[in-house]
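Raw contents of input.cif, mmCIF, C-alpha atoms and all ligand atoms:
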```cif
data_query
loop_
_atom_site.label_atom_id
_atom_site.label_comp_id
_atom_site.auth_asym_id
_atom_site.auth_seq_id
_atom_site.Cartn_x
_atom_site.Cartn_y
_atom_site.Cartn_z
CA MET A 457 148.61 1.91 37.54
CA GLU A 458 149.38 4.07 34.54
CA VAL A 459 152.95 4.23 33.22
CA VAL A 460 153.90 7.24 31.10
CA ILE A 461 157.20 6.91 29.24
CA THR A 462 158.76 10.13 27.98
CA ARG A 463 161.78 10.63 25.75
CA ASP A 464 163.83 12.42 28.41
CA ALA A 465 163.86 13.86 31.93
CA ASP A 466 162.61 17.28 30.78
CA ALA A 467 159.53 15.79 29.20
CA ALA A 468 158.88 13.72 32.34
CA ALA A 469 159.12 16.87 34.48
CA GLU A 470 156.62 18.61 32.19
CA VAL A 471 154.08 15.80 32.53
CA VAL A 472 154.39 15.81 36.32
CA ALA A 473 154.21 19.61 36.56
CA SER A 474 151.04 19.63 34.45
CA VAL A 475 149.31 17.12 36.72
CA VAL A 476 150.25 19.09 39.86
CA ALA A 477 149.28 22.41 38.27
CA ARG A 478 145.88 21.02 37.33
CA ALA A 479 145.27 19.76 40.88
CA ILE A 480 146.21 23.17 42.29
CA ARG A 481 144.02 25.00 39.78
CA ASP A 482 140.96 22.76 40.02
CA ARG A 483 140.57 22.42 43.76
CA PRO A 484 139.44 25.05 46.26
CA ALA A 485 141.90 23.96 48.97
CA PRO A 486 144.41 21.57 47.38
CA VAL A 487 146.86 19.61 49.50
CA ILE A 488 150.03 18.64 47.66
CA GLY A 489 152.42 16.03 49.04
CA LEU A 490 156.01 17.05 48.34
CA ALA A 491 159.00 14.75 47.93
CA THR A 492 162.58 15.95 48.15
CA GLY A 493 165.65 14.50 46.41
CA SER A 494 166.67 15.16 42.81
CA SER A 495 163.79 13.50 40.95
CA PRO A 496 161.03 16.12 41.38
CA LEU A 497 163.29 19.18 40.95
CA GLY A 498 162.56 19.60 37.21
CA ALA A 499 158.81 19.53 37.90
CA TYR A 500 159.21 22.07 40.72
CA ARG A 501 161.15 24.36 38.34
CA ARG A 502 158.35 24.17 35.78
CA LEU A 503 155.74 24.99 38.41
CA ILE A 504 157.83 27.97 39.51
CA GLU A 505 158.00 29.14 35.88
CA ARG A 506 154.21 28.90 35.58
CA TYR A 507 153.84 30.94 38.76
CA GLU A 508 156.30 33.57 37.51
CA ALA A 509 154.44 33.76 34.20
CA GLY A 510 151.21 34.46 36.09
CA GLU A 511 149.68 31.14 34.98
CA LEU A 512 149.48 29.52 38.40
CA THR A 513 148.75 30.56 41.95
CA ALA A 514 149.17 28.31 44.98
CA ALA A 515 147.95 30.92 47.47
CA HIS A 516 145.02 28.65 48.38
CA ALA A 517 147.11 25.46 48.62
CA SER A 518 148.77 23.54 51.45
CA ALA A 519 151.75 21.22 51.22
CA VAL A 520 152.91 18.32 53.36
CA LEU A 521 156.37 16.80 53.45
CA LEU A 522 156.80 13.12 52.78
CA ASP A 523 159.67 12.69 55.18
CA GLU A 524 162.32 14.45 57.24
CA TYR A 525 165.73 13.70 58.74
CA VAL A 526 166.00 13.37 62.51
CA GLY A 527 168.89 15.07 64.26
CA LEU A 528 169.78 17.85 61.83
CA PRO A 529 169.59 21.39 63.21
CA ALA A 530 166.37 23.07 61.97
CA ASP A 531 168.42 25.55 59.92
CA HIS A 532 170.56 22.85 58.24
CA PRO A 533 170.32 23.36 54.48
CA GLU A 534 169.69 19.65 53.88
CA ALA A 535 166.83 19.39 56.37
CA TYR A 536 163.95 18.53 54.05
CA ARG A 537 161.85 21.48 55.16
CA ALA A 538 164.73 23.84 54.30
CA PHE A 539 165.36 22.02 51.01
CA ILE A 540 161.74 22.20 49.87
CA ARG A 541 161.44 25.87 50.85
CA ARG A 542 164.62 26.75 48.96
CA GLU A 543 163.82 24.70 45.85
CA PHE A 544 160.07 25.28 45.62
CA VAL A 545 157.80 26.74 48.28
CA ASP A 546 159.64 30.05 48.83
CA LEU A 547 159.69 30.59 45.05
CA ILE A 548 155.90 30.45 44.62
CA ASP A 549 153.04 32.01 46.57
CA LEU A 550 152.16 28.98 48.69
CA PRO A 551 151.96 30.43 52.23
CA THR A 552 154.93 29.19 54.30
CA GLU A 553 152.67 28.62 57.30
CA ARG A 554 150.79 26.06 55.21
CA LEU A 555 153.89 23.95 54.57
CA PHE A 556 153.68 21.10 57.07
CA GLY A 557 156.17 18.45 58.13
CA PRO A 558 156.57 16.05 61.04
CA ASP A 559 157.91 17.63 64.25
CA VAL A 560 161.30 15.90 64.34
CA THR A 561 162.47 18.05 67.28
CA SER A 562 159.81 16.62 69.59
CA ASP A 563 160.95 14.80 72.74
CA ASP A 564 158.24 12.29 71.98
CA LEU A 565 158.80 11.28 68.35
CA PRO A 566 156.20 8.47 68.27
CA ASP A 567 153.59 11.01 69.40
CA ALA A 568 154.83 13.54 66.81
CA CYS A 569 154.38 10.84 64.13
CA ARG A 570 150.81 10.13 65.24
CA ARG A 571 150.09 13.87 65.27
CA TYR A 572 151.42 14.19 61.72
CA ASP A 573 149.06 11.50 60.41
CA ARG A 574 146.18 13.28 62.21
CA LEU A 575 147.22 16.62 60.74
CA ILE A 576 147.18 15.20 57.21
CA ALA A 577 143.72 13.76 57.84
CA ASP A 578 142.51 17.07 59.32
CA LEU A 579 143.68 18.87 56.17
CA GLY A 580 141.31 16.59 54.26
CA GLY A 581 144.01 14.23 52.97
CA VAL A 582 146.55 14.67 50.20
CA ASP A 583 145.22 15.33 46.71
CA VAL A 584 148.42 14.57 44.78
CA GLN A 585 151.44 12.94 46.38
CA LEU A 586 154.70 13.34 44.49
CA LEU A 587 157.12 10.43 44.90
CA GLY A 588 160.64 9.54 43.86
CA ILE A 589 162.05 6.02 44.17
CA GLY A 590 165.25 4.94 45.86
CA GLY A 591 167.74 2.53 44.30
CA ASP A 592 166.53 -0.09 46.79
CA GLY A 593 162.87 0.53 45.93
CA HIS A 594 162.06 2.81 48.86
CA ILE A 595 159.41 5.51 48.72
CA GLY A 596 159.46 8.24 51.31
CA PHE A 597 162.01 6.64 53.59
CA ASN A 598 160.20 3.33 53.80
CA GLU A 599 163.16 1.05 53.36
CA PRO A 600 162.86 -2.59 52.21
CA GLY A 601 161.04 -4.62 54.84
CA SER A 602 158.64 -1.79 55.68
CA SER A 603 155.12 -2.88 56.47
CA LEU A 604 152.83 -2.19 53.53
CA ALA A 605 150.31 -0.88 56.08
CA SER A 606 152.77 1.30 58.01
CA ARG A 607 151.89 4.73 59.38
CA THR A 608 154.19 7.71 59.85
CA ARG A 609 157.03 6.58 62.08
CA ILE A 610 160.76 6.66 62.74
CA LYS A 611 162.92 4.61 60.40
CA THR A 612 166.61 3.76 60.20
CA LEU A 613 168.14 4.39 56.78
CA THR A 614 170.00 1.59 55.05
CA ASP A 615 173.68 2.09 54.24
CA THR A 616 172.71 2.14 50.54
CA THR A 617 170.38 5.10 51.04
CA ARG A 618 172.88 6.96 53.21
CA SER A 619 175.52 6.45 50.55
CA ASP A 620 173.05 7.54 47.79
CA ASN A 621 172.25 10.72 49.74
CA ALA A 622 175.87 11.52 50.60
CA ARG A 623 175.93 13.76 47.50
CA PHE A 624 173.82 16.25 49.46
CA PHE A 625 176.34 16.16 52.35
CA GLU A 626 179.58 16.91 50.54
CA ASP A 627 179.91 13.23 49.66
CA ASP A 628 180.37 12.18 53.27
CA GLU A 629 177.86 9.48 54.08
CA TYR A 630 178.79 9.67 57.76
CA ASP A 631 177.11 13.08 57.82
CA VAL A 632 173.86 11.67 56.46
CA PRO A 633 171.55 11.17 59.45
CA ARG A 634 170.82 7.56 60.31
CA HIS A 635 167.26 8.22 61.44
CA VAL A 636 164.29 9.79 59.71
CA VAL A 637 160.58 10.24 60.14
CA THR A 638 158.62 9.16 57.09
CA GLN A 639 155.01 8.93 56.12
CA GLY A 640 154.22 5.22 56.23
CA LEU A 641 153.21 3.20 53.20
CA GLY A 642 149.66 3.04 54.57
CA THR A 643 149.70 6.83 55.03
CA ILE A 644 150.96 7.37 51.47
CA LEU A 645 148.28 5.06 50.08
CA GLU A 646 145.60 7.37 51.49
CA ALA A 647 146.55 10.18 49.08
CA ARG A 648 143.99 10.45 46.28
CA HIS A 649 146.59 10.39 43.50
CA LEU A 650 150.13 8.98 43.69
CA LEU A 651 152.47 10.54 41.15
CA MET A 652 155.94 9.01 40.88
CA ILE A 653 158.75 10.41 38.76
CA ALA A 654 161.96 8.51 37.99
CA THR A 655 164.57 9.30 35.37
CA GLY A 656 167.94 7.93 34.34
CA ASP A 657 169.23 4.39 33.96
CA GLY A 658 169.98 4.11 37.68
CA LYS A 659 166.23 3.91 38.25
CA ALA A 660 165.51 1.20 35.66
CA GLU A 661 165.89 -1.71 38.04
CA PRO A 662 163.82 -0.35 40.97
CA ILE A 663 161.12 0.87 38.54
CA ALA A 664 160.84 -2.58 36.96
CA ARG A 665 160.51 -4.17 40.40
CA ALA A 666 157.97 -1.60 41.59
CA VAL A 667 155.77 -1.66 38.49
CA GLU A 668 156.01 -5.25 37.27
CA GLY A 669 157.48 -7.22 40.17
CA PRO A 670 155.54 -8.87 42.94
CA LEU A 671 153.86 -6.76 45.62
CA ALA A 672 156.42 -7.15 48.37
CA ALA A 673 157.80 -5.36 51.42
CA MET A 674 161.24 -5.96 49.88
CA CYS A 675 160.28 -3.37 47.24
CA PRO A 676 158.22 -0.79 49.15
CA ALA A 677 157.37 1.11 45.94
CA SER A 678 155.46 -1.95 44.72
CA VAL A 679 152.72 -0.79 47.10
CA LEU A 680 151.66 1.56 44.29
CA GLN A 681 150.11 -1.53 42.70
CA LEU A 682 147.44 -1.39 45.42
CA HIS A 683 146.41 2.20 44.67
CA PRO A 684 143.46 2.89 42.38
CA HIS A 685 145.07 6.04 40.96
CA ALA A 686 148.84 5.76 40.63
CA THR A 687 150.81 7.33 37.78
CA VAL A 688 154.45 6.47 37.18
CA VAL A 689 156.26 8.91 34.89
CA VAL A 690 159.62 7.66 33.61
CA ASP A 691 162.00 8.63 30.84
CA ASP A 692 163.25 6.07 28.31
CA ALA A 693 166.29 5.27 30.45
CA ALA A 694 164.29 4.52 33.61
CA ALA A 695 161.80 2.50 31.51
CA ALA A 696 164.55 0.24 30.14
CA GLY A 697 163.68 -2.73 32.40
CA LEU A 698 159.91 -2.69 31.79
CA GLN A 699 158.60 -5.76 29.96
CA LEU A 700 155.43 -3.98 28.86
CA ALA A 701 157.08 -0.72 27.80
CA ASP A 702 155.63 -0.89 24.27
CA TYR A 703 152.15 -1.42 25.64
CA TYR A 704 152.47 1.56 28.06
CA ARG A 705 153.64 3.76 25.16
CA GLU A 706 150.76 2.67 22.97
CA ALA A 707 148.16 3.09 25.71
CA TYR A 708 149.38 6.63 26.45
CA ALA A 709 149.53 7.57 22.75
CA HIS A 710 145.89 6.47 22.33
CA LYS A 711 144.55 7.78 25.60
CA PRO A 712 140.97 8.94 25.12
CA ASP A 713 140.55 12.73 25.39
CA TRP A 714 138.12 12.42 28.30
CA GLN A 715 140.61 10.45 30.40
CA SER A 716 143.18 12.70 32.00
CA LEU A 717 146.17 11.50 34.00
C1 LIG B 801 162.60 12.13 49.38
C2 LIG B 801 162.18 10.75 49.39
C3 LIG B 801 162.98 9.66 48.77
C4 LIG B 801 163.49 10.00 47.38
C5 LIG B 801 164.31 8.84 46.83
C6 LIG B 801 164.87 9.17 45.45
O1 LIG B 801 161.65 12.93 50.04
O2 LIG B 801 161.17 10.49 49.91
O3 LIG B 801 162.19 8.50 48.70
O4 LIG B 801 162.41 10.26 46.54
O5 LIG B 801 165.36 8.57 47.70
O6 LIG B 801 165.79 10.20 45.58
P1 LIG B 801 166.34 10.97 44.29
O7 LIG B 801 165.15 11.63 43.67
O8 LIG B 801 167.30 11.97 44.83
O9 LIG B 801 166.93 9.94 43.43
#
```
How would this structure read if it were set down as structure tokens?
Amino acid sequence: MEVVITRDADAAAEVVASVVARAIRDRPAPVIGLATGSSPLGAYRRLIERYEAGELTAAHASAVLLDEYVGLPADHPEAYRAFIRREFVDLIDLPTERLFGPDVTSDDLPDACRRYDRLIADLGGVDVQLLGIGGDGHIGFNEPGSSLASRTRIKTLTDTTRSDNARFFEDDEYDVPRHVVTQGLGTILEARHLLMIATGDGKAEPIARAVEGPLAAMCPASVLQLHPHATVVVDDAAAAGLQLADYYREAYAHKPDWQSL
């Protein structure tokens, strides 16, 4: 795992945007895994700016959602498909018909979950998977206790996550859906590059557990330790709990030119 520590959230967003832009530019049919929530928004804005400046096209790309609420009307602004279209996909030239998510309106949700894993495989797998981290260490909506080998499936959100996400629902956690469909930890691990972004002091504790704690279902993000190509981009505040922060800074400062992120 590589840990990149930046001075602030803007610089973290720039690092993440550069990695995604490179994947989109270098591959003939890139598949980008998109997370929602606040953490990746700065990186999405930078990618939009590159598109507007004529420096980036995503016309040949596909995107897959990491997770989705169950039970929201399809046109609800906080449904993750609507959120990601509004904040990113509709603002670049990625074709809307190549934005994929699990079919949470299906009468047979377990089958819809299996179909979503097959769809991702049929696309050739995810090239770069963007990830945020929850206060309880979740990635996607794999809450603590999730199997490290899990596939896309239905999960029940913890009260902590529903309260964290209440800010998107006019601060009323009772409006935050209880159920979601999320890519499983095993599904996420199949992406070729995992790219996590976390900023602010509220993320210091879960980042320390994920990066330097034991590999454990109690901290689902610790599963990144199993991946051969995982990059964790954090600002100084989110890096505050890392024991090896000085080493990560030094390693990044002296990164050989031939070794990209
Ligand atoms: C969103 C997702 C979640 C968030 C996490 C952090 O698609 O999968 O795991 O990344 O809850 O949320 P923010 O970035 O809002 O702090």
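Inspection of the environment of ligand LIG 801 (chain B), which uses only C-alpha atoms and all ligand atoms and a cut-off of 6 Å, identifies the neighbouring residues as Ala491, Thr492, Gly493, Ser494, Ser495, Leu522, Asp523, Leu587, Gly588, Ile589, Gly590, His594, Ile595, Gly596 and Phe597 of chain A.
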Worksheet item: Which neighbours of A:Arg506 fall inside 12 Å, counting all atoms listed in the file, when residues of the same chain fewer than 2 positions from it are skipped, and could you give them as an NGL selection string?
Response: :A and (470 or 473-474 or 476-478 or 480-481 or 499-504 or 508-514 or 547-549)
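Nearest-residue note for A:Thr617: choosing from A:Ala479, A:Val690, A:Val584, A:Val632, the minimum distance belongs to A:Val632, counting all atoms listed in the file.
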Discussion item. Just checking: using all atoms listed in the file, which residue out of A:His635, A:Arg607, A:Arg648, A:His683 ends up closest to A:Pro486?
Written reply: A:Arg648
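Distance check against A:His516 using all atoms listed in the file: of A:Ala673, A:Glu534, A:Gly697, A:Pro551, the minimum falls on A:Pro551.
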Worksheet item: Residues at most 9 Å from A:Val560, counting all atoms listed in the file, excluding those fewer than 5 positions away in the same chain, as a PyMOL selection string?
Response: chain A and resi 524-527+565+568-569+636-637
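When the distance limit is 9 Å and all atoms listed in the file are what count, the residues near A:Arg463, minus those fewer than 4 positions from it on the same chain, are Ala467, Ala468, Val690, Asp691, Asp692 and Ala693 of chain A.
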Item to complete: Taking the point (160.9, 2.8, 66.8) as given in the file, collect each protein or nucleic acid residue that comes within 9 Å of it, counting all atoms listed in the file, and present the set as a PyMOL selection string.
Response: chain A and resi 565-566+609-612
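Closest approach to A:Phe544 among A:Asp466, A:Glu505, A:Asp628, A:Glu458 is made by A:Glu505 (distances from only C-alpha atoms).
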Worksheet, complete the sentence: A:Thr462 proximity check over A:Ala696, A:Ala538, A:Ala517, A:Ile576, using all atoms listed in the file: winner is A:Ala696
Response to the item:
atom CA of A:Gly498 to atom CA of A:Val689 measures 12.6 Å
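If you measure from each of A:Ala535, A:Leu650, A:Ala672, A:Leu717 to A:Pro558 using only C-alpha atoms, the closest one turns out to be A:Ala535.
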Worksheet, complete the sentence: A straight line from atom CA of A:Val460 to atom CA of A:Gly656 spans 14.4 Å
Discussion item. When you look at A:His685 with a cut-off of 12 Å (counting all atoms listed in the file), what residues show up, excluding the ones that are within fewer than 3 positions of it in the same chain? I need them as number ranges by chain.
Written reply: A: 457-459, 583-585, 645-652, 679-682, 688, 716-717
For stretch 708-715 of chain A, I'd like the enclosing box, axis-aligned and padded by 6 Å on every side, reported as JSON with centre and edge lengths in Å to one decimal.
```
{"center_x": 143.8, "center_y": 9.6, "center_z": 26.4, "size_x": 23.4, "size_y": 18.3, "size_z": 20.1}
```
Item to complete: With a distance cut-off of 12 Å and all atoms listed in the file, select the neighbouring residues of A:Leu671, excluding the residue or stretch itself and same-chain residues fewer than 3 positions from it, and output the selection as a count of residues only.
Response: 20
